[in-house]
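Quick look at run.pdb (PDB, C-alpha atoms (C1' of nucleotides)):
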```pdb
ATOM      1  CA  MET A  26       0.000   0.000   0.000
ATOM      2  CA  THR A  27       3.027   2.266  -0.281
ATOM      3  CA  ALA A  28       1.984   3.605   3.116
ATOM      4  CA  THR A  29       2.282   7.147   1.877
ATOM      5  CA  GLY A  30      -1.214   8.393   2.436
ATOM      6  CA  LYS A  31      -0.689  12.119   2.281
ATOM      7  CA  SER A  32       2.750  13.197   1.253
ATOM      8  CA  THR A  33       4.053  16.360   2.776
ATOM      9  CA  PRO A  34       5.418  18.778   0.216
ATOM     10  CA  GLY A  35       8.966  17.634   0.059
ATOM     11  CA  LEU A  36       8.607  13.897   0.031
ATOM     12  CA  PRO A  37      10.208  12.436  -3.089
ATOM     13  CA  ASP A  38       8.587   9.094  -2.434
ATOM     14  CA  GLY A  39       5.307   9.550  -4.252
ATOM     15  CA  ALA A  40       7.025  11.460  -7.031
ATOM     16  CA  HIS A  41       4.392  12.515  -9.539
ATOM     17  CA  PRO A  42       1.056  11.725  -8.006
ATOM     18  CA  VAL A  43       1.302  14.086  -5.104
ATOM     19  CA  ASP A  44      -2.034  13.226  -3.568
ATOM     20  CA  PRO A  45      -3.118  10.002  -5.243
ATOM     21  CA  GLU A  46      -6.349   9.805  -3.359
ATOM     22  CA  ARG A  47      -7.687  13.013  -4.855
ATOM     23  CA  VAL A  48      -6.343  12.165  -8.272
ATOM     24  CA  GLU A  49      -8.186   8.885  -8.147
ATOM     25  CA  ARG A  50     -11.354  10.544  -6.958
ATOM     26  CA  ALA A  51     -11.189  13.057  -9.762
ATOM     27  CA  ARG A  52     -10.256  10.504 -12.355
ATOM     28  CA  ALA A  53     -13.135   8.246 -11.399
ATOM     29  CA  ARG A  54     -15.879  10.830 -11.849
ATOM     30  CA  LEU A  55     -14.279  12.802 -14.627
ATOM     31  CA  PRO A  56     -15.914  12.877 -18.041
ATOM     32  CA  SER A  57     -13.849  10.959 -20.532
ATOM     33  CA  ALA A  58     -11.872  12.728 -23.212
ATOM     34  CA  GLU A  59     -14.511  11.738 -25.719
ATOM     35  CA  GLU A  60     -17.310  13.084 -23.567
ATOM     36  CA  GLY A  61     -15.309  16.237 -23.148
ATOM     37  CA  ASP A  62     -15.079  16.520 -26.899
ATOM     38  CA  ARG A  63     -18.808  16.124 -27.311
ATOM     39  CA  LEU A  64     -19.536  18.711 -24.672
ATOM     40  CA  ALA A  65     -17.044  21.058 -26.221
ATOM     41  CA  SER A  66     -18.543  20.738 -29.686
ATOM     42  CA  VAL A  67     -22.037  21.453 -28.473
ATOM     43  CA  LEU A  68     -20.877  24.362 -26.348
ATOM     44  CA  THR A  69     -18.852  25.721 -29.237
ATOM     45  CA  LEU A  70     -22.113  26.084 -31.107
ATOM     46  CA  MET A  71     -23.439  28.337 -28.375
ATOM     47  CA  ALA A  72     -20.164  30.101 -27.770
ATOM     48  CA  ASP A  73     -20.729  32.641 -30.501
ATOM     49  CA  PRO A  74     -22.790  35.776 -30.076
ATOM     50  CA  THR A  75     -24.540  35.464 -33.407
ATOM     51  CA  ARG A  76     -25.485  31.823 -33.017
ATOM     52  CA  ALA A  77     -26.489  32.192 -29.387
ATOM     53  CA  ARG A  78     -28.767  35.070 -30.222
ATOM     54  CA  LEU A  79     -30.168  33.272 -33.241
ATOM     55  CA  LEU A  80     -31.147  30.355 -31.050
ATOM     56  CA  TYR A  81     -32.534  32.658 -28.420
ATOM     57  CA  ALA A  82     -34.665  34.449 -30.979
ATOM     58  CA  LEU A  83     -35.971  31.174 -32.367
ATOM     59  CA  ASP A  84     -36.768  30.077 -28.850
ATOM     60  CA  GLU A  85     -38.850  33.196 -28.305
ATOM     61  CA  VAL A  86     -40.801  33.156 -31.543
ATOM     62  CA  ASP A  87     -41.501  29.843 -33.188
ATOM     63  CA  GLU A  88     -40.283  30.620 -36.604
ATOM     64  CA  LEU A  89     -38.501  33.345 -38.509
ATOM     65  CA  CYS A  90     -37.070  33.809 -41.968
ATOM     66  CA  VAL A  91     -33.437  34.631 -42.553
ATOM     67  CA  GLY A  92     -33.887  38.283 -43.400
ATOM     68  CA  ASP A  93     -35.990  38.946 -40.358
ATOM     69  CA  LEU A  94     -33.563  37.163 -38.122
ATOM     70  CA  ALA A  95     -30.750  39.297 -39.465
ATOM     71  CA  LEU A  96     -32.894  42.337 -38.888
ATOM     72  CA  ALA A  97     -33.790  41.345 -35.351
ATOM     73  CA  LEU A  98     -30.178  40.659 -34.430
ATOM     74  CA  GLY A  99     -28.805  43.652 -36.260
ATOM     75  CA  VAL A 100     -26.353  41.617 -38.286
ATOM     76  CA  SER A 101     -25.835  41.177 -42.011
ATOM     77  CA  GLU A 102     -28.023  38.684 -43.808
ATOM     78  CA  ASP A 103     -24.898  36.856 -44.739
ATOM     79  CA  ALA A 104     -23.800  36.488 -41.154
ATOM     80  CA  ALA A 105     -27.254  35.255 -40.159
ATOM     81  CA  SER A 106     -27.311  32.840 -43.061
ATOM     82  CA  TYR A 107     -23.897  31.527 -42.152
ATOM     83  CA  GLY A 108     -24.815  31.059 -38.511
ATOM     84  CA  LEU A 109     -27.970  29.231 -39.484
ATOM     85  CA  ARG A 110     -25.998  27.101 -41.875
ATOM     86  CA  VAL A 111     -23.748  25.962 -39.050
ATOM     87  CA  LEU A 112     -26.628  25.368 -36.667
ATOM     88  CA  ARG A 113     -28.485  23.467 -39.341
ATOM     89  CA  THR A 114     -25.501  21.288 -40.100
ATOM     90  CA  ALA A 115     -25.298  20.517 -36.401
ATOM     91  CA  GLY A 116     -28.990  19.630 -36.413
ATOM     92  CA  LEU A 117     -30.046  22.273 -33.924
ATOM     93  CA  VAL A 118     -32.413  24.102 -36.259
ATOM     94  CA  THR A 119     -34.609  23.063 -39.152
ATOM     95  CA  ARG A 120     -35.591  24.866 -42.304
ATOM     96  CA  ARG A 121     -39.005  25.135 -43.916
ATOM     97  CA  LYS A 122     -39.120  26.566 -47.388
ATOM     98  CA  GLU A 123     -42.144  28.537 -48.399
ATOM     99  CA  GLY A 124     -41.941  30.191 -51.745
ATOM    100  CA  ARG A 125     -38.669  31.956 -52.121
ATOM    101  CA  MET A 126     -37.982  32.350 -48.449
ATOM    102  CA  ALA A 127     -36.762  29.991 -45.778
ATOM    103  CA  PHE A 128     -38.191  29.830 -42.285
ATOM    104  CA  TYR A 129     -36.090  28.491 -39.464
ATOM    105  CA  ARG A 130     -37.081  27.044 -36.148
ATOM    106  CA  LEU A 131     -35.458  25.078 -33.379
ATOM    107  CA  ALA A 132     -35.143  21.424 -34.313
ATOM    108  CA  GLU A 133     -37.620  19.028 -32.794
ATOM    109  CA  GLY A 134     -34.894  17.152 -31.022
ATOM    110  CA  PHE A 135     -33.313  20.318 -29.737
ATOM    111  CA  PRO A 136     -31.580  19.238 -26.543
ATOM    112  CA  GLU A 137     -33.779  20.446 -23.732
ATOM    113  CA  PRO A 138     -30.899  20.887 -21.271
ATOM    114  CA  LEU A 139     -29.243  23.168 -23.754
ATOM    115  CA  ARG A 140     -32.339  25.298 -24.081
ATOM    116  CA  GLN A 141     -32.966  25.542 -20.384
ATOM    117  CA  HIS A 142     -29.465  25.867 -19.109
ATOM    118  CA  CYS A 143     -27.702  27.787 -21.810
ATOM    119  CA  LEU A 144     -30.430  29.845 -23.399
ATOM    120  CA  HIS A 145     -32.312  30.744 -20.275
ATOM    121  CA  ARG A 146     -30.129  30.492 -17.210
ATOM    122  CA  LEU A 147     -26.803  31.470 -18.662
ATOM    123  CA  ILE A 148     -28.151  34.348 -20.694
ATOM    124  CA  ALA A 149     -29.901  35.540 -17.574
ATOM    125  CA  MET A 150     -26.557  35.319 -15.833
ATOM    126  CA  SER A 151     -24.780  37.403 -18.412
ATOM    127  CA  HIS A 152     -27.495  40.002 -18.003
ATOM    128  CA  ARG A 153     -26.473  40.812 -14.484
ATOM    129  CA  SER A 154     -22.822  39.884 -14.591
ATOM    130  CA  ALA A 155     -20.368  42.353 -16.083
ATOM    131  CA  GLU A 156     -20.088  45.618 -14.267
ATOM    132  CA  ASP A 157     -23.542  45.820 -12.735
ATOM    133  CA  GLU A 158     -24.211  49.323 -11.564
ATOM    134  CA  SER A 159     -25.829  49.163  -8.158
ATOM    135  CA  ALA A 160     -25.605  45.447  -7.531
ATOM    136  CA  ASP A 161     -28.189  44.620  -4.943
ATOM    137  CA  ILE A 162     -26.847  41.434  -3.437
TER
ATOM    138  CA  MET B  20     -49.346  52.658 -39.438
ATOM    139  CA  THR B  21     -48.536  50.948 -42.700
ATOM    140  CA  ALA B  22     -51.540  48.693 -42.034
ATOM    141  CA  THR B  23     -49.606  45.673 -43.157
ATOM    142  CA  GLY B  24     -50.117  43.337 -40.254
ATOM    143  CA  LYS B  25     -49.224  39.972 -41.674
ATOM    144  CA  SER B  26     -47.878  40.024 -45.173
ATOM    145  CA  THR B  27     -48.454  36.975 -47.312
ATOM    146  CA  PRO B  28     -45.333  35.677 -48.976
ATOM    147  CA  GLY B  29     -45.348  37.687 -52.142
ATOM    148  CA  LEU B  30     -46.275  41.107 -50.874
ATOM    149  CA  PRO B  31     -43.603  43.631 -51.755
ATOM    150  CA  ASP B  32     -45.160  46.155 -49.428
ATOM    151  CA  GLY B  33     -43.405  45.263 -46.189
ATOM    152  CA  ALA B  34     -40.243  44.609 -48.096
ATOM    153  CA  HIS B  35     -37.636  43.420 -45.624
ATOM    154  CA  PRO B  36     -39.461  42.934 -42.379
ATOM    155  CA  VAL B  37     -41.701  40.113 -43.510
ATOM    156  CA  ASP B  38     -43.466  39.623 -40.204
ATOM    157  CA  PRO B  39     -42.735  42.744 -38.176
ATOM    158  CA  GLU B  40     -44.672  41.556 -35.183
ATOM    159  CA  ARG B  41     -42.432  38.592 -34.582
ATOM    160  CA  VAL B  42     -39.326  40.577 -35.354
ATOM    161  CA  GLU B  43     -40.341  43.084 -32.750
ATOM    162  CA  ARG B  44     -41.136  40.392 -30.234
ATOM    163  CA  ALA B  45     -37.760  38.781 -30.789
ATOM    164  CA  ARG B  46     -35.896  42.051 -30.778
ATOM    165  CA  ALA B  47     -37.475  43.140 -27.525
ATOM    166  CA  ARG B  48     -36.430  40.104 -25.505
ATOM    167  CA  LEU B  49     -33.198  39.386 -27.312
ATOM    168  CA  PRO B  50     -29.934  39.717 -25.451
ATOM    169  CA  SER B  51     -27.985  42.660 -26.727
ATOM    170  CA  ALA B  52     -24.916  42.225 -28.848
ATOM    171  CA  GLU B  53     -22.796  43.052 -25.846
ATOM    172  CA  GLU B  54     -24.566  40.516 -23.676
ATOM    173  CA  GLY B  55     -24.123  38.024 -26.452
ATOM    174  CA  ASP B  56     -20.422  38.747 -26.437
ATOM    175  CA  ARG B  57     -20.194  38.206 -22.707
ATOM    176  CA  LEU B  58     -22.089  34.968 -22.874
ATOM    177  CA  ALA B  59     -19.951  33.819 -25.762
ATOM    178  CA  SER B  60     -16.717  34.558 -23.970
ATOM    179  CA  VAL B  61     -17.722  32.684 -20.871
ATOM    180  CA  LEU B  62     -19.018  29.758 -22.894
ATOM    181  CA  THR B  63     -15.850  29.749 -24.950
ATOM    182  CA  LEU B  64     -13.991  29.035 -21.741
ATOM    183  CA  MET B  65     -16.060  25.898 -21.255
ATOM    184  CA  ALA B  66     -16.086  24.967 -24.905
ATOM    185  CA  ASP B  67     -12.788  23.175 -24.736
ATOM    186  CA  PRO B  68     -12.400  19.610 -23.565
ATOM    187  CA  THR B  69      -9.302  20.272 -21.487
ATOM    188  CA  ARG B  70     -10.680  23.320 -19.715
ATOM    189  CA  ALA B  71     -14.093  21.794 -19.156
ATOM    190  CA  ARG B  72     -12.553  18.719 -17.593
ATOM    191  CA  LEU B  73     -10.161  20.811 -15.536
ATOM    192  CA  LEU B  74     -13.075  22.700 -14.070
ATOM    193  CA  TYR B  75     -15.008  19.523 -13.524
ATOM    194  CA  ALA B  76     -12.107  17.953 -11.678
ATOM    195  CA  LEU B  77     -11.704  21.017  -9.490
ATOM    196  CA  ASP B  78     -15.388  20.927  -8.761
ATOM    197  CA  GLU B  79     -15.125  17.341  -7.571
ATOM    198  CA  VAL B  80     -12.063  17.695  -5.389
ATOM    199  CA  ASP B  81     -11.385  21.012  -3.739
ATOM    200  CA  GLU B  82      -7.870  21.512  -4.810
ATOM    201  CA  LEU B  83      -5.261  19.923  -7.020
ATOM    202  CA  CYS B  84      -1.778  20.762  -8.194
ATOM    203  CA  VAL B  85      -0.907  21.072 -11.852
ATOM    204  CA  GLY B  86       0.900  17.773 -12.231
ATOM    205  CA  ASP B  87      -1.905  15.828 -10.629
ATOM    206  CA  LEU B  88      -4.494  17.541 -12.749
ATOM    207  CA  ALA B  89      -2.551  16.639 -15.861
ATOM    208  CA  LEU B  90      -2.332  13.100 -14.588
ATOM    209  CA  ALA B  91      -6.033  12.882 -13.816
ATOM    210  CA  LEU B  92      -7.009  14.218 -17.221
ATOM    211  CA  GLY B  93      -4.399  12.285 -19.114
ATOM    212  CA  VAL B  94      -2.936  15.347 -20.789
ATOM    213  CA  SER B  95       0.526  16.850 -20.838
ATOM    214  CA  GLU B  96       1.538  19.058 -17.954
ATOM    215  CA  ASP B  97       1.988  21.837 -20.422
ATOM    216  CA  ALA B  98      -1.540  21.502 -21.714
ATOM    217  CA  ALA B  99      -2.896  21.517 -18.194
ATOM    218  CA  SER B 100      -0.774  24.491 -17.270
ATOM    219  CA  TYR B 101      -1.932  26.359 -20.342
ATOM    220  CA  GLY B 102      -5.574  25.596 -19.668
ATOM    221  CA  LEU B 103      -5.218  26.738 -16.085
ATOM    222  CA  ARG B 104      -3.460  29.854 -17.239
ATOM    223  CA  VAL B 105      -6.412  30.765 -19.400
ATOM    224  CA  LEU B 106      -8.934  29.967 -16.703
ATOM    225  CA  ARG B 107      -6.909  31.937 -14.199
ATOM    226  CA  THR B 108      -6.704  34.935 -16.479
ATOM    227  CA  ALA B 109     -10.467  34.775 -16.795
ATOM    228  CA  GLY B 110     -10.764  34.630 -13.023
ATOM    229  CA  LEU B 111     -12.475  31.255 -12.880
ATOM    230  CA  VAL B 112      -9.791  29.533 -10.832
ATOM    231  CA  THR B 113      -7.343  30.665  -8.188
ATOM    232  CA  ARG B 114      -3.856  29.536  -7.380
ATOM    233  CA  ARG B 115      -2.337  28.820  -4.009
ATOM    234  CA  LYS B 116       1.392  28.358  -3.918
ATOM    235  CA  GLU B 117       2.824  25.988  -1.402
ATOM    236  CA  GLY B 118       6.510  25.383  -1.690
ATOM    237  CA  ARG B 119       7.413  24.727  -5.271
ATOM    238  CA  MET B 120       4.023  23.566  -6.345
ATOM    239  CA  ALA B 121       0.839  25.376  -7.177
ATOM    240  CA  PHE B 122      -2.589  24.244  -6.092
ATOM    241  CA  TYR B 123      -5.603  25.311  -8.053
ATOM    242  CA  ARG B 124      -9.220  25.547  -7.054
ATOM    243  CA  LEU B 125     -12.372  27.099  -8.383
ATOM    244  CA  ALA B 126     -12.457  30.803  -7.708
ATOM    245  CA  GLU B 127     -14.606  32.019  -4.858
ATOM    246  CA  GLY B 128     -16.751  34.020  -7.188
ATOM    247  CA  PHE B 129     -17.099  31.158  -9.616
ATOM    248  CA  PRO B 130     -20.441  31.766 -11.303
ATOM    249  CA  GLU B 131     -22.836  29.316  -9.714
ATOM    250  CA  PRO B 132     -25.041  29.057 -12.817
ATOM    251  CA  LEU B 133     -22.003  28.000 -14.768
ATOM    252  CA  ARG B 134     -21.157  25.295 -12.283
ATOM    253  CA  GLN B 135     -24.664  23.948 -12.067
ATOM    254  CA  HIS B 136     -25.741  24.243 -15.639
ATOM    255  CA  CYS B 137     -22.586  23.632 -17.589
ATOM    256  CA  LEU B 138     -20.551  21.399 -15.346
ATOM    257  CA  HIS B 139     -23.362  19.270 -14.030
ATOM    258  CA  ARG B 140     -26.341  19.304 -16.322
ATOM    259  CA  LEU B 141     -24.632  19.635 -19.662
ATOM    260  CA  ILE B 142     -21.921  17.136 -18.891
ATOM    261  CA  ALA B 143     -24.632  14.782 -17.756
ATOM    262  CA  MET B 144     -26.315  15.417 -21.069
ATOM    263  CA  SER B 145     -23.235  14.621 -23.081
ATOM    264  CA  HIS B 146     -22.932  11.419 -21.099
ATOM    265  CA  ARG B 147     -26.113  10.001 -22.485
ATOM    266  CA  SER B 148     -26.300  11.830 -25.754
ATOM    267  CA  ALA B 149     -24.209  10.552 -28.639
ATOM    268  CA  GLU B 150     -25.261   7.135 -29.835
ATOM    269  CA  ASP B 151     -26.662   5.722 -26.619
ATOM    270  CA  GLU B 152     -27.055   1.973 -26.923
ATOM    271  CA  SER B 153     -30.084   0.854 -24.973
ATOM    272  CA  ALA B 154     -31.368   4.180 -23.743
ATOM    273  CA  ASP B 155     -33.708   3.486 -20.885
ATOM    274  CA  ILE B 156     -35.694   6.682 -20.813
TER
ATOM    275  C1'  DG C  30      26.493  25.539  -3.862
ATOM    276  C1'  DA C  31      25.071  22.045  -7.357
ATOM    277  C1'  DG C  32      21.426  19.380  -9.071
ATOM    278  C1'  DT C  33      16.753  18.192  -9.445
ATOM    279  C1'  DT C  34      11.782  19.295  -9.461
ATOM    280  C1'  DA C  35       7.253  21.819 -10.211
ATOM    281  C1'  DT C  36       5.722  25.371 -12.392
ATOM    282  C1'  DC C  37       5.490  29.682 -15.086
ATOM    283  C1'  DC C  38       6.096  32.645 -19.099
ATOM    284  C1'  DG C  39       6.912  34.180 -24.010
ATOM    285  C1'  DT C  40       6.958  32.684 -28.668
ATOM    286  C1'  DG C  41       6.197  29.858 -32.974
ATOM    287  C1'  DT C  42       3.042  27.029 -35.569
ATOM    288  C1'  DG C  43      -0.528  24.424 -37.401
ATOM    289  C1'  DA C  44      -5.451  24.360 -37.163
ATOM    290  C1'  DT C  45      -9.937  26.309 -36.788
ATOM    291  C1'  DG C  46     -13.513  29.899 -37.163
ATOM    292  C1'  DG C  47     -16.368  33.848 -38.522
ATOM    293  C1'  DC C  48     -17.685  36.365 -42.085
ATOM    294  C1'  DA C  49     -17.555  38.999 -46.638
ATOM    295  C1'  DC C  50     -17.643  38.181 -51.538
ATOM    296  C1'  DG C  51     -19.138  36.327 -55.924
ATOM    297  C1'  DG C  52     -21.932  33.336 -58.359
ATOM    298  C1'  DG C  53     -25.852  30.256 -58.561
ATOM    299  C1'  DT C  54     -30.957  28.588 -57.885
ATOM    300  C1'  DG C  55     -35.730  28.780 -57.472
ATOM    301  C1'  DT C  56     -39.620  31.888 -56.918
ATOM    302  C1'  DG C  57     -42.909  35.684 -57.539
ATOM    303  C1'  DC C  58     -44.202  39.756 -60.389
ATOM    304  C1'  DG C  59     -45.280  42.464 -64.235
TER
ATOM    305  C1'  DC D   9     -40.277  36.142 -70.665
ATOM    306  C1'  DG D  10     -37.296  38.877 -68.197
ATOM    307  C1'  DC D  11     -36.315  41.108 -63.860
ATOM    308  C1'  DA D  12     -35.913  41.368 -58.938
ATOM    309  C1'  DC D  13     -35.767  39.041 -54.735
ATOM    310  C1'  DA D  14     -34.581  35.803 -50.769
ATOM    311  C1'  DC D  15     -31.598  32.648 -49.990
ATOM    312  C1'  DC D  16     -27.829  29.165 -50.521
ATOM    313  C1'  DC D  17     -23.127  27.552 -51.307
ATOM    314  C1'  DG D  18     -18.050  27.535 -52.162
ATOM    315  C1'  DT D  19     -14.010  30.230 -51.335
ATOM    316  C1'  DG D  20     -10.611  33.555 -49.550
ATOM    317  C1'  DC D  21      -8.994  36.446 -45.858
ATOM    318  C1'  DC D  22      -7.880  37.606 -41.312
ATOM    319  C1'  DA D  23      -8.177  36.681 -36.453
ATOM    320  C1'  DT D  24      -7.999  33.580 -32.747
ATOM    321  C1'  DC D  25      -6.530  29.429 -30.460
ATOM    322  C1'  DA D  26      -4.525  25.251 -28.383
ATOM    323  C1'  DC D  27      -0.506  23.448 -27.649
ATOM    324  C1'  DA D  28       4.658  22.409 -27.991
ATOM    325  C1'  DC D  29       9.079  24.217 -27.191
ATOM    326  C1'  DG D  30      12.747  26.623 -24.800
ATOM    327  C1'  DG D  31      14.313  29.320 -21.177
ATOM    328  C1'  DA D  32      13.572  31.253 -16.527
ATOM    329  C1'  DT D  33      12.286  31.058 -11.520
ATOM    330  C1'  DA D  34      11.859  29.395  -6.949
ATOM    331  C1'  DA D  35      12.260  25.574  -3.774
ATOM    332  C1'  DC D  36      13.713  21.322  -1.825
ATOM    333  C1'  DT D  37      17.643  17.792  -1.264
ATOM    334  C1'  DC D  38      22.296  16.609  -0.619
TER
END
```

Produce structure tokens that represent the structure in this file.
Amino acid sequence: MTATGKSTPGLPDGAHPVDPERVERARARLPSAEEGDRLASVLTLMADPTRARLLYALDEVDELCVGDLALALGVSEDAASYGLRVLRTAGLVTRRKEGRMAFYRLAEGFPEPLRQHCLHRLIAMSHRSAEDESADI
Amino acid sequence: MTATGKSTPGLPDGAHPVDPERVERARARLPSAEEGDRLASVLTLMADPTRARLLYALDEVDELCVGDLALALGVSEDAASYGLRVLRTAGLVTRRKEGRMAFYRLAEGFPEPLRQHCLHRLIAMSHRSAEDESADI
DNA sequence: GAGTTATCCGTGTGATGGCACGGGTGTGCG
DNA sequence: CGCACACCCGTGCCATCACACGGATAACTC
């Protein structure tokens, strides 16, 4: 059992794993590298102001066409189109074509945790973070 | 008042804002560009497998030194150090120096929503997302 | 004091990302 | 039938990024 237990700072006995117990505890519950990749890819989709706001807008109103989305966000139609392209490729939004225009909405299988936690809670957080003026509590 | 209301697809009267009501509804509740930027920057910090897992590990065990974190994650010490550097610059983790080693922990002011929603809920999501085999519920 | 160890910092590099640009497609209108 | 429109797609440009590498610092051991 190596009998080390906790190693005080200078002990060269344990060498690299300084506190193996904690390392093991962390390692056991840690998401795998692959899970980390998945989480990162889904968060990367939200980690862009344009895309985040596109999703938020589509969460508020069921459906919007590209031009109106661009207008609501105050970005170029090209930027909106590009953002939607990425989100669509990722399967987060769907497109309905009516005549010459395309209406977007959140995909049916839009991950509910993502909507709740990122769209609602985190956006709410960023509302009051930053340099809040008075800061009650 | 332009009297348009809803414009059917082909009406050239409303021109760009096809359905002004929805645009207005979206625009009113939409996070501002600046808020979008803030949200994006904080999400960008999580949108990296190494950093996300670093934070997760630090959330599980109070405190770990760089080498042990690298060991727990299975990444190079340099990668861990770099990730911690970024997180530290952003103020999400703090460093305590003891002798020649540095112990990291989540910052005191670590945004609670971030911990709950990103670390716990979203990681839980990415556990069962992907191609889940049997998928009980 | 010399050597080793744990970490930090600045820089180079390959990779990725957001978006503007130009050209293309299908649609509605006169 | 020809024009304008709303949108899509492929591509190029510039910025950012994650990480490796090398050197520097402080501390512990002998």

Set up a box along x, y and z of the file covering all listed atoms of stretch 33-46 of chain C, add 3 Å on every one of the six sides, and write the centre and edge lengths in Å to one decimal, as AutoDock Vina command-line options.
```
--center_x 1.6 --center_y 26.2 --center_z -23.4 --size_x 36.3 --size_y 22.0 --size_z 34.0
```

Revision key, fill the gap. Counting all atoms listed in the file, closest pick from D:DG18, D:DC38, D:DT33, D:DC27 relative to C:DA44 is D:DC27

Practice item. Taking the file as shown, find all residues satisfying the PyMOL selection byres ((chain A) within 6 of (chain B)) and write them as a ChimeraX atom specification. Key: /A:42,48,51-52,61-62,64-65,68-69,72-74,82,93,97,142,151

Exercise for review: Using only C-alpha atoms (C1' of nucleotides), find the residues of chain D whose closest atom to chain B is at most 9 Å away, then write them as a list of chain:residue names.
Suggested key: D:DA26, D:DC27, D:DA28, D:DA34, D:DA35, D:DC36

Same residues, C-alpha atoms (C1' of nucleotides), output as a compact mmCIF listing (two decimals), in the coordinates of the input:
```
# COMPACT_ATOMS: atom_id res chain seq x y z
C1' DA D 26 -4.53 25.25 -28.38
C1' DC D 27 -0.51 23.45 -27.65
C1' DA D 28 4.66 22.41 -27.99
C1' DA D 34 11.86 29.40 -6.95
C1' DA D 35 12.26 25.57 -3.77
C1' DC D 36 13.71 21.32 -1.82
```

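With atom CA of B:Leu125 on one side and atom CA of B:Leu111 on the other, the separation reads 6.1 Å.
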
Closest atom pairs, residues of chain C within 12 Å of chain B, all atoms listed in the file, as a Markdown table:
```
| residue | atom | partner | partner_atom | distance |
| --- | --- | --- | --- | --- |
| C:DT34 | C1' | B:Arg119 | CA | 8.1 |
| C:DA35 | C1' | B:Met120 | CA | 5.3 |
| C:DT36 | C1' | B:Met120 | CA | 6.5 |
| C:DC37 | C1' | B:Ser100 | CA | 8.4 |
| C:DC38 | C1' | B:Arg104 | CA | 10.1 |
| C:DT56 | C1' | B:Gly29 | CA | 9.4 |
| C:DG57 | C1' | B:Gly29 | CA | 6.3 |
| C:DC58 | C1' | B:Gly29 | CA | 8.6 |
```

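Interatomic distance, atom C1' of C:DT45 to atom C1' of D:DC29: 21.4 Å.
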
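Reported to one decimal place, the separation of atom CA of A:Gly134 from atom C1' of D:DA14 is 27.2 Å.
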
Practice item. Give me the result of the PyMOL selection byres ((chain A and resi 120) around 9) on this file, residue by residue, as an MDAnalysis selection string. Key: chainID A and resid 113 118:119 121:122 127:132

Shell of 12 Å around D:DT19, all atoms listed in the file, local chain residues under 5 positions omitted, as a JSON list (two decimals) with C-alpha atoms (C1' of nucleotides), in the frame of the given file:
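New file part28.json:
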```json
[["chain", "number", "residue", "atom", "x", "y", "z"],
["C", 48, "DC", "C1'", -17.68, 36.36, -42.08],
["C", 49, "DA", "C1'", -17.56, 39.00, -46.64],
["C", 50, "DC", "C1'", -17.64, 38.18, -51.54],
["C", 51, "DG", "C1'", -19.14, 36.33, -55.92],
["C", 52, "DG", "C1'", -21.93, 33.34, -58.36]]
```

Check your understanding: Given the file above and the PyMOL selection byres ((chain D and resi 9) around 12), which residues are selected, and can you give them as a list in words?
Key -> DC58 and DG59 of chain C; DG10 and DC11 of chain D

Polymer residues at most 12 Å from C:DG39, only C-alpha atoms (C1' of nucleotides), same-chain spacing of 6 or more positions, as a PDB file with C-alpha atoms (C1' of nucleotides), in the frame of the given file:
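That gives us selection.pdb:
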```
ATOM      1  C1'  DC D  29       9.079  24.217 -27.191  1.00  0.00           C
ATOM      2  C1'  DG D  30      12.747  26.623 -24.800  1.00  0.00           C
ATOM      3  C1'  DG D  31      14.313  29.320 -21.177  1.00  0.00           C
ATOM      4  C1'  DA D  32      13.572  31.253 -16.527  1.00  0.00           C
TER       5       DA D  32
END
```

Model the absent atoms of stretch 120-128 of chain B so that N, CA and C atoms are present, and write the result as an mmCIF file, keeping the file's coordinate frame.
```cif
data_model
loop_
_atom_site.group_PDB
_atom_site.id
_atom_site.type_symbol
_atom_site.label_atom_id
_atom_site.label_comp_id
_atom_site.auth_asym_id
_atom_site.auth_seq_id
_atom_site.Cartn_x
_atom_site.Cartn_y
_atom_site.Cartn_z
ATOM 1 N N MET B 120 5.156 23.952 -5.521
ATOM 2 C CA MET B 120 4.023 23.566 -6.345
ATOM 3 C C MET B 120 2.830 24.503 -6.162
ATOM 4 N N ALA B 121 1.975 24.466 -7.150
ATOM 5 C CA ALA B 121 0.839 25.376 -7.177
ATOM 6 C C ALA B 121 -0.450 24.575 -7.149
ATOM 7 N N PHE B 122 -1.301 24.915 -6.217
ATOM 8 C CA PHE B 122 -2.589 24.244 -6.092
ATOM 9 C C PHE B 122 -3.684 25.147 -6.636
ATOM 10 N N TYR B 123 -4.510 24.545 -7.447
ATOM 11 C CA TYR B 123 -5.603 25.311 -8.053
ATOM 12 C C TYR B 123 -6.929 24.889 -7.455
ATOM 13 N N ARG B 124 -7.846 25.840 -7.427
ATOM 14 C CA ARG B 124 -9.220 25.547 -7.054
ATOM 15 C C ARG B 124 -10.146 26.529 -7.764
ATOM 16 N N LEU B 125 -11.415 26.187 -7.777
ATOM 17 C CA LEU B 125 -12.372 27.099 -8.383
ATOM 18 C C LEU B 125 -12.356 28.416 -7.627
ATOM 19 N N ALA B 126 -12.465 29.498 -8.341
ATOM 20 C CA ALA B 126 -12.457 30.803 -7.708
ATOM 21 C C ALA B 126 -13.659 30.949 -6.792
ATOM 22 N N GLU B 127 -13.502 31.811 -5.794
ATOM 23 C CA GLU B 127 -14.606 32.019 -4.858
ATOM 24 C C GLU B 127 -15.837 32.526 -5.587
ATOM 25 N N GLY B 128 -15.621 33.445 -6.473
ATOM 26 C CA GLY B 128 -16.751 34.020 -7.188
ATOM 27 C C GLY B 128 -17.132 33.237 -8.430
#
```
